[in-house]
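Source file model-v6.txt; content: compact mmCIF, C-alpha atoms and all ligand atoms.
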```
# COMPACT_ATOMS: atom_id res chain seq x y z
CA MET A 12 -74.99 21.31 39.63
CA ALA A 13 -73.77 17.85 38.62
CA GLU A 14 -74.97 16.65 35.19
CA ARG A 15 -77.34 13.73 35.41
CA LYS A 16 -75.75 10.61 33.95
CA LYS A 17 -77.37 9.60 30.67
CA PRO A 18 -79.15 6.24 30.96
CA LEU A 19 -77.69 3.27 29.10
CA ILE A 20 -80.15 2.22 26.40
CA ILE A 21 -79.48 -1.07 24.62
CA VAL A 22 -81.28 -1.41 21.30
CA THR A 23 -81.46 -5.00 20.08
CA ARG A 24 -81.96 -4.39 16.33
CA LYS A 25 -80.99 -1.82 13.70
CA LEU A 26 -83.52 1.02 13.71
CA PRO A 27 -83.94 3.82 11.13
CA ASP A 28 -80.93 6.16 11.09
CA ALA A 29 -82.91 9.20 12.24
CA ILE A 30 -84.12 7.29 15.31
CA GLU A 31 -80.70 5.96 16.18
CA THR A 32 -79.15 9.43 15.81
CA ARG A 33 -81.73 10.97 18.14
CA MET A 34 -81.19 8.15 20.64
CA MET A 35 -77.45 8.84 20.55
CA GLU A 36 -78.12 12.53 21.25
CA LEU A 37 -80.47 11.91 24.14
CA PHE A 38 -79.13 8.79 25.78
CA ASN A 39 -76.06 6.67 26.22
CA ALA A 40 -77.34 4.41 23.43
CA ARG A 41 -75.77 1.11 22.41
CA LEU A 42 -76.90 0.20 18.90
CA ASN A 43 -76.85 -2.99 16.88
CA LEU A 44 -75.41 -1.69 13.63
CA ASP A 45 -75.08 -5.03 11.81
CA ASP A 46 -78.67 -5.94 12.84
CA HIS A 47 -77.94 -9.53 13.86
CA PRO A 48 -80.68 -10.95 16.10
CA LEU A 49 -79.16 -11.08 19.59
CA SER A 50 -78.19 -14.49 20.94
CA ARG A 51 -79.54 -15.56 24.31
CA ASP A 52 -76.15 -14.74 25.81
CA GLU A 53 -76.06 -11.27 24.28
CA LEU A 54 -79.57 -10.62 25.57
CA ARG A 55 -78.51 -11.73 29.03
CA GLN A 56 -75.55 -9.32 28.94
CA ALA A 57 -77.92 -6.59 27.78
CA VAL A 58 -80.35 -7.01 30.68
CA GLU A 59 -77.46 -7.26 33.13
CA THR A 60 -76.14 -3.84 32.13
CA ALA A 61 -78.84 -1.71 30.48
CA ASP A 62 -81.02 0.83 32.26
CA VAL A 63 -83.47 0.54 29.38
CA LEU A 64 -83.80 -2.33 26.91
CA VAL A 65 -85.35 -1.65 23.49
CA PRO A 66 -86.30 -5.07 22.10
CA THR A 67 -88.40 -6.13 19.13
CA VAL A 68 -90.58 -9.11 18.34
CA THR A 69 -87.45 -11.16 17.53
CA ASP A 70 -86.29 -11.14 21.17
CA THR A 71 -87.69 -13.57 23.69
CA ILE A 72 -87.86 -11.71 26.99
CA ASP A 73 -89.12 -14.54 29.16
CA GLU A 74 -89.11 -15.08 32.89
CA ALA A 75 -85.68 -16.74 32.85
CA LEU A 76 -84.13 -13.77 31.09
CA ILE A 77 -85.87 -11.22 33.30
CA SER A 78 -84.60 -13.06 36.37
CA GLN A 79 -81.07 -12.35 35.10
CA ALA A 80 -81.67 -8.60 34.82
CA GLY A 81 -79.56 -6.32 36.95
CA PRO A 82 -81.30 -4.03 39.44
CA GLN A 83 -80.62 -1.04 37.16
CA LEU A 84 -83.00 -2.34 34.44
CA LYS A 85 -86.19 -0.38 34.99
CA LEU A 86 -87.75 -0.10 31.54
CA ILE A 87 -88.36 -2.36 28.57
CA ALA A 88 -89.40 0.01 25.78
CA ASN A 89 -90.58 -2.36 23.08
CA PHE A 90 -90.24 -1.31 19.44
CA GLY A 91 -93.58 -2.72 18.30
CA ASN A 92 -97.15 -3.08 19.37
CA GLY A 93 -97.43 -6.77 20.27
CA VAL A 94 -95.77 -7.68 23.55
CA ASP A 95 -96.37 -11.43 23.53
CA HIS A 96 -92.59 -12.00 23.44
CA ILE A 97 -92.25 -10.30 26.84
CA ASP A 98 -93.28 -11.94 30.10
CA LEU A 99 -95.27 -9.02 31.52
CA ARG A 100 -95.92 -10.71 34.85
CA ALA A 101 -92.23 -11.42 35.43
CA ALA A 102 -91.38 -7.83 34.47
CA ARG A 103 -93.92 -6.43 36.89
CA ALA A 104 -92.68 -8.71 39.65
CA ARG A 105 -89.19 -7.24 39.16
CA GLY A 106 -90.49 -3.67 39.10
CA ILE A 107 -89.71 -3.26 35.39
CA THR A 108 -92.06 -1.04 33.37
CA VAL A 109 -92.94 -2.21 29.85
CA THR A 110 -94.04 0.12 27.04
CA ASN A 111 -95.08 -0.51 23.42
CA THR A 112 -95.90 1.55 20.32
CA PRO A 113 -99.67 1.42 19.76
CA GLY A 114 -101.57 3.52 17.26
CA VAL A 115 -98.81 4.37 14.82
CA LEU A 116 -98.95 1.12 12.86
CA THR A 117 -102.71 0.74 12.67
CA GLU A 118 -103.28 2.08 9.16
CA ASP A 119 -100.26 0.31 7.63
CA THR A 120 -101.25 -3.01 9.15
CA ALA A 121 -104.85 -2.57 8.01
CA ASP A 122 -103.61 -1.79 4.48
CA MET A 123 -101.63 -5.00 4.49
CA THR A 124 -104.60 -6.97 5.75
CA MET A 125 -106.64 -5.67 2.82
CA ALA A 126 -103.74 -6.45 0.49
CA LEU A 127 -103.68 -10.03 1.78
CA ILE A 128 -107.44 -10.39 1.40
CA LEU A 129 -107.23 -9.15 -2.18
CA ALA A 130 -104.13 -11.17 -2.98
CA THR A 131 -105.67 -14.37 -1.66
CA ALA A 132 -109.13 -13.93 -3.18
CA ARG A 133 -107.78 -12.79 -6.56
CA ARG A 134 -104.74 -15.11 -6.65
CA LEU A 135 -102.17 -12.33 -7.04
CA SER A 136 -99.09 -14.32 -6.06
CA GLU A 137 -100.08 -17.24 -8.28
CA GLY A 138 -100.55 -14.90 -11.24
CA GLU A 139 -97.20 -13.26 -10.64
CA ARG A 140 -95.46 -16.61 -10.38
CA LEU A 141 -97.02 -17.70 -13.67
CA VAL A 142 -95.76 -14.62 -15.53
CA ARG A 143 -92.28 -14.75 -13.98
CA ALA A 144 -91.96 -18.44 -14.81
CA GLY A 145 -92.60 -17.61 -18.47
CA GLN A 146 -95.61 -19.93 -18.37
CA TRP A 147 -98.31 -17.44 -19.27
CA THR A 148 -99.77 -18.44 -22.59
CA GLY A 149 -102.18 -15.52 -22.94
CA TRP A 150 -105.62 -14.46 -21.77
CA ALA A 151 -108.25 -17.16 -21.41
CA PRO A 152 -111.81 -16.89 -20.14
CA THR A 153 -111.59 -19.58 -17.49
CA VAL A 154 -108.02 -19.21 -16.29
CA MET A 155 -106.90 -17.67 -12.98
CA LEU A 156 -110.40 -17.08 -11.73
CA GLY A 157 -110.67 -15.87 -8.18
CA ALA A 158 -113.49 -14.83 -5.89
CA ARG A 159 -115.30 -11.46 -5.96
CA LEU A 160 -115.06 -9.48 -2.74
CA ALA A 161 -118.17 -7.30 -3.12
CA GLY A 162 -121.18 -8.84 -1.42
CA LYS A 163 -119.17 -11.25 0.72
CA ARG A 164 -119.05 -11.41 4.50
CA LEU A 165 -115.87 -10.56 6.39
CA GLY A 166 -115.50 -11.81 9.96
CA ILE A 167 -112.91 -9.87 11.95
CA ILE A 168 -111.45 -11.55 15.01
CA GLY A 169 -110.34 -8.75 17.34
CA MET A 170 -112.05 -5.40 16.84
CA GLY A 171 -109.39 -3.13 18.31
CA ARG A 172 -107.70 -0.31 16.44
CA ILE A 173 -106.44 -2.53 13.62
CA GLY A 174 -109.67 -4.53 13.32
CA GLN A 175 -111.68 -1.33 12.99
CA ALA A 176 -109.27 0.10 10.41
CA VAL A 177 -109.64 -3.12 8.41
CA ALA A 178 -113.43 -2.85 8.69
CA ARG A 179 -113.44 0.71 7.31
CA ARG A 180 -111.42 -0.38 4.30
CA ALA A 181 -113.37 -3.58 3.75
CA LYS A 182 -116.66 -1.70 3.79
CA ALA A 183 -115.44 0.41 0.88
CA PHE A 184 -114.78 -2.82 -1.02
CA GLY A 185 -118.42 -3.86 -0.57
CA LEU A 186 -117.81 -6.46 2.14
CA SER A 187 -120.27 -6.70 4.99
CA ILE A 188 -118.60 -6.47 8.37
CA HIS A 189 -118.96 -9.01 11.15
CA TYR A 190 -116.75 -9.30 14.20
CA HIS A 191 -115.96 -11.25 17.30
CA ASN A 192 -114.40 -9.49 20.25
CA ARG A 193 -114.34 -9.85 24.02
CA LYS A 194 -117.07 -7.23 24.02
CA SER A 195 -118.95 -5.32 21.37
CA VAL A 196 -117.53 -1.97 20.25
CA HIS A 197 -119.22 1.36 20.91
CA PRO A 198 -122.68 1.46 19.25
CA GLN A 199 -121.62 4.52 17.25
CA VAL A 200 -118.64 2.64 15.77
CA GLU A 201 -120.84 -0.39 15.13
CA ALA A 202 -123.37 1.83 13.31
CA GLU A 203 -120.68 3.61 11.30
CA LEU A 204 -119.24 0.29 10.14
CA ASP A 205 -122.62 -1.37 9.82
CA ALA A 206 -121.00 -4.16 11.78
CA THR A 207 -122.60 -7.27 13.28
CA TYR A 208 -121.25 -8.47 16.62
CA TRP A 209 -120.94 -12.20 17.31
CA GLU A 210 -120.40 -13.09 20.91
CA SER A 211 -119.93 -16.68 19.78
CA LEU A 212 -116.84 -17.06 17.61
CA ASP A 213 -118.03 -20.52 16.55
CA GLN A 214 -121.28 -19.10 15.25
CA MET A 215 -119.48 -16.42 13.28
CA LEU A 216 -116.92 -18.79 11.76
CA THR A 217 -119.51 -21.06 10.17
CA ARG A 218 -121.11 -18.16 8.28
CA MET A 219 -118.21 -16.07 6.95
CA ASP A 220 -116.61 -15.95 3.51
CA ILE A 221 -113.43 -14.29 4.75
CA ILE A 222 -111.88 -14.33 8.21
CA ALA A 223 -109.30 -11.74 9.25
CA VAL A 224 -107.32 -12.36 12.43
CA THR A 225 -106.37 -9.01 13.99
CA CYS A 226 -106.40 -9.76 17.72
CA PRO A 227 -103.28 -9.66 19.90
CA ARG A 228 -101.71 -12.92 20.98
CA THR A 229 -102.47 -13.46 24.64
CA PRO A 230 -102.90 -16.61 26.72
CA ALA A 231 -106.60 -16.39 25.79
CA THR A 232 -106.01 -16.21 22.03
CA TYR A 233 -103.31 -18.90 21.80
CA HIS A 234 -104.64 -21.39 19.20
CA LEU A 235 -107.98 -19.61 19.26
CA LEU A 236 -108.40 -21.02 15.77
CA ASN A 237 -107.67 -24.62 16.71
CA ALA A 238 -108.52 -27.66 14.62
CA ARG A 239 -112.11 -27.76 15.85
CA ARG A 240 -112.78 -24.10 15.05
CA LEU A 241 -110.96 -24.21 11.70
CA GLY A 242 -113.21 -27.14 10.90
CA LEU A 243 -116.23 -24.83 11.21
CA LEU A 244 -115.16 -22.71 8.24
CA LYS A 245 -116.90 -23.05 4.89
CA SER A 246 -114.84 -24.87 2.28
CA SER A 247 -115.05 -21.69 0.16
CA ALA A 248 -113.69 -19.49 2.96
CA ILE A 249 -110.38 -17.70 3.04
CA LEU A 250 -108.42 -16.84 6.16
CA VAL A 251 -106.02 -13.96 6.59
CA ASN A 252 -103.69 -13.64 9.59
CA ILE A 253 -101.83 -10.41 10.30
CA SER A 254 -101.70 -10.85 14.08
CA ARG A 255 -99.49 -13.61 15.45
CA GLY A 256 -98.95 -17.09 14.08
CA GLN A 257 -99.75 -18.71 17.41
CA VAL A 258 -103.40 -17.63 17.21
CA VAL A 259 -103.95 -20.21 14.43
CA GLU A 260 -103.01 -23.88 14.58
CA GLU A 261 -100.67 -23.74 11.59
CA GLU A 262 -100.30 -27.47 11.01
CA THR A 263 -104.08 -27.93 10.77
CA LEU A 264 -104.42 -24.91 8.52
CA ALA A 265 -101.73 -26.26 6.18
CA ARG A 266 -103.47 -29.63 6.02
CA MET A 267 -106.84 -28.05 5.33
CA LEU A 268 -105.41 -25.90 2.54
CA GLN A 269 -103.75 -28.98 1.08
CA MET A 270 -107.02 -30.94 1.19
CA LYS A 271 -108.95 -27.88 -0.13
CA GLU A 272 -111.07 -27.92 3.01
CA ILE A 273 -110.76 -24.16 2.88
CA ALA A 274 -110.17 -22.16 -0.29
CA GLY A 275 -107.17 -20.06 0.62
CA ALA A 276 -105.13 -18.24 3.20
CA GLY A 277 -103.03 -15.11 3.37
CA LEU A 278 -100.41 -15.19 6.09
CA ASP A 279 -98.05 -12.50 7.32
CA VAL A 280 -97.16 -14.30 10.55
CA TYR A 281 -96.21 -17.86 11.56
CA GLU A 282 -96.06 -20.01 14.64
CA ASP A 283 -92.26 -20.34 14.65
CA GLU A 284 -90.87 -17.34 12.75
CA PRO A 285 -88.84 -17.19 10.61
CA ASN A 286 -89.58 -20.88 10.00
CA VAL A 287 -92.60 -21.53 7.80
CA ASN A 288 -94.38 -24.86 7.80
CA PRO A 289 -92.89 -26.67 4.75
CA LYS A 290 -96.37 -27.83 3.70
CA LEU A 291 -97.43 -24.20 3.22
CA LEU A 292 -94.46 -23.48 0.99
CA LYS A 293 -95.65 -26.08 -1.51
CA LEU A 294 -99.22 -24.80 -1.79
CA ASP A 295 -100.58 -22.42 -4.41
CA ASN A 296 -103.68 -21.40 -2.47
CA VAL A 297 -101.75 -19.54 0.21
CA VAL A 298 -100.09 -16.13 0.03
CA LEU A 299 -97.03 -15.97 2.27
CA LEU A 300 -95.49 -12.71 3.49
CA PRO A 301 -92.48 -12.24 5.79
CA HIS A 302 -94.12 -10.44 8.78
CA MET A 303 -94.25 -7.08 7.00
CA GLY A 304 -97.67 -5.83 8.10
CA SER A 305 -96.35 -2.61 9.60
CA ALA A 306 -93.27 -2.29 7.42
CA THR A 307 -93.46 1.23 6.04
CA ILE A 308 -90.73 3.86 6.29
CA GLU A 309 -93.16 6.28 7.95
CA GLY A 310 -94.41 3.64 10.36
CA ARG A 311 -90.93 2.67 11.50
CA LEU A 312 -90.04 6.33 12.13
CA ASP A 313 -93.25 6.82 14.11
CA MET A 314 -92.55 3.68 16.12
CA GLY A 315 -89.02 4.87 16.89
CA GLU A 316 -90.31 8.28 17.90
CA LYS A 317 -92.77 6.63 20.27
CA VAL A 318 -90.01 4.54 21.82
CA ILE A 319 -87.94 7.69 22.37
CA VAL A 320 -90.86 9.56 23.96
CA ASN A 321 -91.61 6.58 26.19
CA ILE A 322 -88.00 6.41 27.38
CA LYS A 323 -87.69 10.16 27.83
CA THR A 324 -90.94 10.35 29.79
CA PHE A 325 -89.85 7.48 32.00
CA VAL A 326 -86.34 8.74 32.73
CA ASP A 327 -87.78 12.18 33.49
CA GLY A 328 -89.79 10.53 36.25
CA HIS A 329 -93.22 10.31 34.62
CA THR A 330 -95.46 7.41 33.64
CA PRO A 331 -95.13 6.77 29.90
CA ARG A 332 -98.41 6.93 28.04
CA ASP A 333 -97.79 3.60 26.35
CA ARG A 334 -97.19 1.68 29.54
CA VAL A 335 -98.43 -1.87 29.06
CA LEU A 336 -100.44 -3.42 31.84
CA GLU A 337 -100.96 -7.16 32.08
CA MET A 338 -104.72 -6.84 32.24
CA MET A 339 -104.70 -5.13 28.84
CA PHE A 340 -103.64 -8.49 27.38
C1 LIG B 401 -93.64 -4.99 14.39
C2 LIG B 401 -95.76 -6.24 14.96
O1 LIG B 401 -92.93 -4.55 13.31
O2 LIG B 401 -95.93 -4.31 16.29
C3 LIG B 401 -96.18 -5.49 16.15
O3 LIG B 401 -96.83 -6.11 17.02
O4 LIG B 401 -96.16 -7.31 14.77
C4 LIG B 401 -94.85 -5.73 13.91
O5 LIG B 401 -95.61 -5.03 13.00
C5 LIG B 401 -92.78 -5.83 15.27
O6 LIG B 401 -93.49 -6.35 16.33
C6 LIG B 401 -91.62 -5.05 15.82
O7 LIG B 401 -91.24 -5.50 17.07
```

Mind turning the file's structure into structure tokens?
Ligand code: 8YV
Amino acid sequence: MAERKKPLIIVTRKLPDAIETRMMELFNARLNLDDHPLSRDELRQAVETADVLVPTVTDTIDEALISQAGPQLKLIANFGNGVDHIDLRAARARGITVTNTPGVLTEDTADMTMALILATARRLSEGERLVRAGQWTGWAPTVMLGARLAGKRLGIIGMGRIGQAVARRAKAFGLSIHYHNRKSVHPQVEAELDATYWESLDQMLTRMDIIAVTCPRTPATYHLLNARRLGLLKSSAILVNISRGQVVEEETLARMLQMKEIAGAGLDVYEDEPNVNPKLLKLDNVVLLPHMGSATIEGRLDMGEKVIVNIKTFVDGHTPRDRVLEMMF
């Protein structure tokens, strides 16, 4: 019996060694060993030749690119949960299946959300900068005061897996849990988290001490926190974004932080990554991280494993469990 030809898998970024090795064993895998982000031209060549493309958030897989795909491209197995960089409609129109890696980065991303809440409320980065600059002159009763978390209200925008994992952690810190979502979560989950559902995002925003953005970026959530909505926040509020930069109008947020119209922000994501609004870079009341919400060794291995299972399932003729459907977003 003739051996089935191994599918050509093109991986756009450097993945953990163990994942790359397994991909080499299972597939005809083309890796990106020096980890340079692929140029538009390299991406075009990839979709022209690959049977399966494994992109990440740093690749723009838009309609124009998908229209250049060869007929052999049947699967885009994204390394990551968010798929806002992939035009799902265009992929479907070309008969290309898209998969992602949900579930395995929930806890890590929730940890980082909590870390950002703490860092922003308790001025961690500012304190660190002070010590490193050799400017710390010793303990003083009124210096570096932040805000207590216990007893405050946290409003979570997007109560999916990550939002709920944030809520569980936040509850342990004594925060009361509020959330806005397309629909309320299961009553049992709501009871367990002692969570209050706000159908009206506007209503929730005006009343919260901390806002955490954990929803996916979709056409519906693009600039969900626009200038008008940001204007509803209390001047003592802090905002944390671990989702996608495009959910928040960054320019307005920067201006409001500058004018102290809100107290602080903790950002892991930006509207035009890796570019960060220069205004933000100058401000002390914002904690800035380089999109590292899910960046753990274990998480990256789990993500890679999921990508492999998705590809294997697909090439064996089955529907991958993590198939992404447009209506999910
Ligand atoms: C990933 C993320 O590391 O999964 C996501 O949606 O935002 C990140 O945590 C990145 O997307 C990898 O493609």

Exercise for review: Using only C-alpha atoms, determine which residues lie at most 8 Å from Leu99 in chain A, disregarding the query and same-chain residues fewer than 2 positions distant; provide the list as a VMD selection string.
Suggested key: chain A and resid 97 101 to 103 109 336 to 337

Exercise for review: Using all atoms listed in the file, determine which residues fall within 8 Å of ligand LIG 401 (chain B), then list them as a ChimeraX atom specification.
Suggested key: /A:66-69,89-94,112-113,116,120,227,253-255,302-306,311

Review point. Using all atoms listed in the file, which residues sit within 8 Å of range 178-183 of chain A once same-chain residues fewer than 3 positions away are excluded, as a list in words?
Key: Ala121, Asp122, Met125, Leu165, Ile167, Gly174, Gln175, Leu186, Ser187, Ile188 and Leu204 of chain A

Skip Lys194 in chain A itself and residues of its chain fewer than 3 positions away, then list as a compact mmCIF listing (two decimals) with C-alpha atoms, in the frame of the given file all residues within 10 Å of it, counting only C-alpha atoms.
```txt
# COMPACT_ATOMS: atom_id res chain seq x y z
CA GLY A 169 -110.34 -8.75 17.34
CA MET A 170 -112.05 -5.40 16.84
CA HIS A 191 -115.96 -11.25 17.30
CA HIS A 197 -119.22 1.36 20.91
CA TYR A 208 -121.25 -8.47 16.62
CA TRP A 209 -120.94 -12.20 17.31
CA GLU A 210 -120.40 -13.09 20.91
```

Check your understanding: Which polymer residues have any atom within 9 Å of an atom of Thr71 in chain A, counting all atoms listed in the file, with same-chain residues fewer than 6 positions away left out, as a PyMOL selection string?
Key -> chain A and resi 51+54+95-98

Saved selection, atoms kept: C-alpha atoms, as a compact mmCIF listing (two decimals), keeping the file's coordinate frame:
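Final output, saved to result29.txt:
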```
# COMPACT_ATOMS: atom_id res chain seq x y z
CA ARG A 51 -79.54 -15.56 24.31
CA LEU A 54 -79.57 -10.62 25.57
CA ASP A 95 -96.37 -11.43 23.53
CA HIS A 96 -92.59 -12.00 23.44
CA ILE A 97 -92.25 -10.30 26.84
CA ASP A 98 -93.28 -11.94 30.10
```

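Interatomic distance, CA of Asn43 in chain A against CA of Ile319 in chain A: 16.3 Å.
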
Kindly list the centre and edge lengths in Å, rounded to one decimal, for the axis-aligned box that covers all listed atoms of range 175-190 of chain A plus 3 Å on each of its six sides, as AutoDock Vina command-line options.
```
--center_x -114.8 --center_y -4.3 --center_z 6.6 --size_x 17.0 --size_y 16.0 --size_z 21.2
```

**Study point:** CA of Gln257 in chain A to CA of Val287 in chain A, distance in Å rounded to a single decimal
**Key:**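 Between CA of Gln257 in chain A and CA of Val287 in chain A the gap works out to 12.3 Å.
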
**Study point:** Pick from A:Val115, A:Ala248, A:Leu64, A:Leu86, whichever lies nearest to Leu160 in chain A using all atoms listed in the file
**Key:**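 The closest residue to Leu160 in chain A is A:Ala248.
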
Review point. Which distance in Å separates CA of Glu262 in chain A and CA of Arg240 in chain A, to one decimal?
Key: 13.5 Å

Practice item. Would you list the contacts of Leu127 in chain A as a ChimeraX atom specification, taking every protein, DNA or RNA residue within 9 Å and counting all atoms listed in the file, but skipping same-chain residues closer than 5 positions in sequence? Key: /A:122,132,251-253,276-279,298-300

Could you dump the residues just selected with C-alpha atoms as a PDB file, in the coordinates of the input?
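Contents of part-v5.pdb, freshly written:
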```pdb
ATOM      1  CA  ASP A 122    -103.610  -1.790   4.480  1.00  0.00           C
ATOM      2  CA  ALA A 132    -109.130 -13.930  -3.180  1.00  0.00           C
ATOM      3  CA  VAL A 251    -106.020 -13.960   6.590  1.00  0.00           C
ATOM      4  CA  ASN A 252    -103.690 -13.640   9.590  1.00  0.00           C
ATOM      5  CA  ILE A 253    -101.830 -10.410  10.300  1.00  0.00           C
ATOM      6  CA  ALA A 276    -105.130 -18.240   3.200  1.00  0.00           C
ATOM      7  CA  GLY A 277    -103.030 -15.110   3.370  1.00  0.00           C
ATOM      8  CA  LEU A 278    -100.410 -15.190   6.090  1.00  0.00           C
ATOM      9  CA  ASP A 279     -98.050 -12.500   7.320  1.00  0.00           C
ATOM     10  CA  VAL A 298    -100.090 -16.130   0.030  1.00  0.00           C
ATOM     11  CA  LEU A 299     -97.030 -15.970   2.270  1.00  0.00           C
ATOM     12  CA  LEU A 300     -95.490 -12.710   3.490  1.00  0.00           C
TER      13      LEU A 300
END
```

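Closest approach to Thr108 in chain A from the set A:Lys290, A:Val63, A:Gly145, A:Glu203 is made by A:Val63, with distances taken over all atoms listed in the file.
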
Provide range 291-298 of chain A rebuilt to all heavy atoms, formatted as a PDB file, in the coordinates of the input.
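Below is the file that was written, part.pdb:
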```
ATOM      1  N   LEU A 291     -96.890 -25.457   3.764  1.00  0.00           N
ATOM      2  CA  LEU A 291     -97.430 -24.200   3.220  1.00  0.00           C
ATOM      3  C   LEU A 291     -96.635 -23.732   2.008  1.00  0.00           C
ATOM      4  O   LEU A 291     -97.188 -23.204   1.049  1.00  0.00           O
ATOM      5  CB  LEU A 291     -97.410 -23.101   4.289  1.00  0.00           C
ATOM      6  CG  LEU A 291     -98.368 -23.247   5.474  1.00  0.00           C
ATOM      7  CD1 LEU A 291     -98.098 -22.175   6.526  1.00  0.00           C
ATOM      8  CD2 LEU A 291     -99.816 -23.161   5.001  1.00  0.00           C
ATOM      9  N   LEU A 292     -95.317 -23.958   2.073  1.00  0.00           N
ATOM     10  CA  LEU A 292     -94.460 -23.480   0.990  1.00  0.00           C
ATOM     11  C   LEU A 292     -94.780 -24.139  -0.344  1.00  0.00           C
ATOM     12  O   LEU A 292     -94.511 -23.581  -1.400  1.00  0.00           O
ATOM     13  CB  LEU A 292     -92.978 -23.749   1.342  1.00  0.00           C
ATOM     14  CG  LEU A 292     -92.429 -22.999   2.562  1.00  0.00           C
ATOM     15  CD1 LEU A 292     -91.032 -23.485   2.921  1.00  0.00           C
ATOM     16  CD2 LEU A 292     -92.416 -21.495   2.297  1.00  0.00           C
ATOM     17  N   LYS A 293     -95.361 -25.328  -0.273  1.00  0.00           N
ATOM     18  CA  LYS A 293     -95.650 -26.080  -1.510  1.00  0.00           C
ATOM     19  C   LYS A 293     -97.014 -25.746  -2.099  1.00  0.00           C
ATOM     20  O   LYS A 293     -97.343 -26.187  -3.189  1.00  0.00           O
ATOM     21  CB  LYS A 293     -95.605 -27.579  -1.206  1.00  0.00           C
ATOM     22  CG  LYS A 293     -94.223 -28.068  -0.829  1.00  0.00           C
ATOM     23  CD  LYS A 293     -94.136 -29.583  -1.011  1.00  0.00           C
ATOM     24  CE  LYS A 293     -92.986 -30.139  -0.194  1.00  0.00           C
ATOM     25  NZ  LYS A 293     -93.395 -30.812   1.028  1.00  0.00           N
ATOM     26  N   LEU A 294     -97.835 -24.988  -1.357  1.00  0.00           N
ATOM     27  CA  LEU A 294     -99.220 -24.800  -1.790  1.00  0.00           C
ATOM     28  C   LEU A 294     -99.413 -23.516  -2.595  1.00  0.00           C
ATOM     29  O   LEU A 294     -98.805 -22.484  -2.297  1.00  0.00           O
ATOM     30  CB  LEU A 294    -100.141 -24.744  -0.556  1.00  0.00           C
ATOM     31  CG  LEU A 294    -100.186 -26.017   0.283  1.00  0.00           C
ATOM     32  CD1 LEU A 294    -100.990 -25.766   1.552  1.00  0.00           C
ATOM     33  CD2 LEU A 294    -100.809 -27.158  -0.526  1.00  0.00           C
ATOM     34  N   ASP A 295    -100.275 -23.589  -3.590  1.00  0.00           N
ATOM     35  CA  ASP A 295    -100.580 -22.420  -4.410  1.00  0.00           C
ATOM     36  C   ASP A 295    -101.676 -21.555  -3.826  1.00  0.00           C
ATOM     37  O   ASP A 295    -101.779 -20.374  -4.155  1.00  0.00           O
ATOM     38  CB  ASP A 295    -101.025 -22.893  -5.814  1.00  0.00           C
ATOM     39  CG  ASP A 295     -99.901 -22.715  -6.816  1.00  0.00           C
ATOM     40  OD1 ASP A 295     -98.985 -21.907  -6.528  1.00  0.00           O
ATOM     41  OD2 ASP A 295     -99.945 -23.376  -7.865  1.00  0.00           O
ATOM     42  N   ASN A 296    -102.519 -22.152  -2.974  1.00  0.00           N
ATOM     43  CA  ASN A 296    -103.680 -21.400  -2.470  1.00  0.00           C
ATOM     44  C   ASN A 296    -103.372 -20.648  -1.176  1.00  0.00           C
ATOM     45  O   ASN A 296    -104.270 -20.355  -0.399  1.00  0.00           O
ATOM     46  CB  ASN A 296    -104.894 -22.315  -2.298  1.00  0.00           C
ATOM     47  CG  ASN A 296    -104.598 -23.533  -1.445  1.00  0.00           C
ATOM     48  OD1 ASN A 296    -103.438 -23.783  -1.094  1.00  0.00           O
ATOM     49  ND2 ASN A 296    -105.632 -24.284  -1.108  1.00  0.00           N
ATOM     50  N   VAL A 297    -102.098 -20.343  -0.959  1.00  0.00           N
ATOM     51  CA  VAL A 297    -101.750 -19.540   0.210  1.00  0.00           C
ATOM     52  C   VAL A 297    -100.748 -18.461  -0.195  1.00  0.00           C
ATOM     53  O   VAL A 297     -99.819 -18.725  -0.965  1.00  0.00           O
ATOM     54  CB  VAL A 297    -101.235 -20.427   1.372  1.00  0.00           C
ATOM     55  CG1 VAL A 297    -100.028 -21.257   0.994  1.00  0.00           C
ATOM     56  CG2 VAL A 297    -100.916 -19.597   2.599  1.00  0.00           C
ATOM     57  N   VAL A 298    -101.006 -17.256   0.285  1.00  0.00           N
ATOM     58  CA  VAL A 298    -100.090 -16.130   0.030  1.00  0.00           C
ATOM     59  C   VAL A 298     -99.236 -15.971   1.285  1.00  0.00           C
ATOM     60  O   VAL A 298     -99.771 -15.855   2.389  1.00  0.00           O
ATOM     61  CB  VAL A 298    -100.880 -14.834  -0.249  1.00  0.00           C
ATOM     62  CG1 VAL A 298     -99.937 -13.654  -0.434  1.00  0.00           C
ATOM     63  CG2 VAL A 298    -101.769 -15.014  -1.476  1.00  0.00           C
TER      64      VAL A 298
END
```
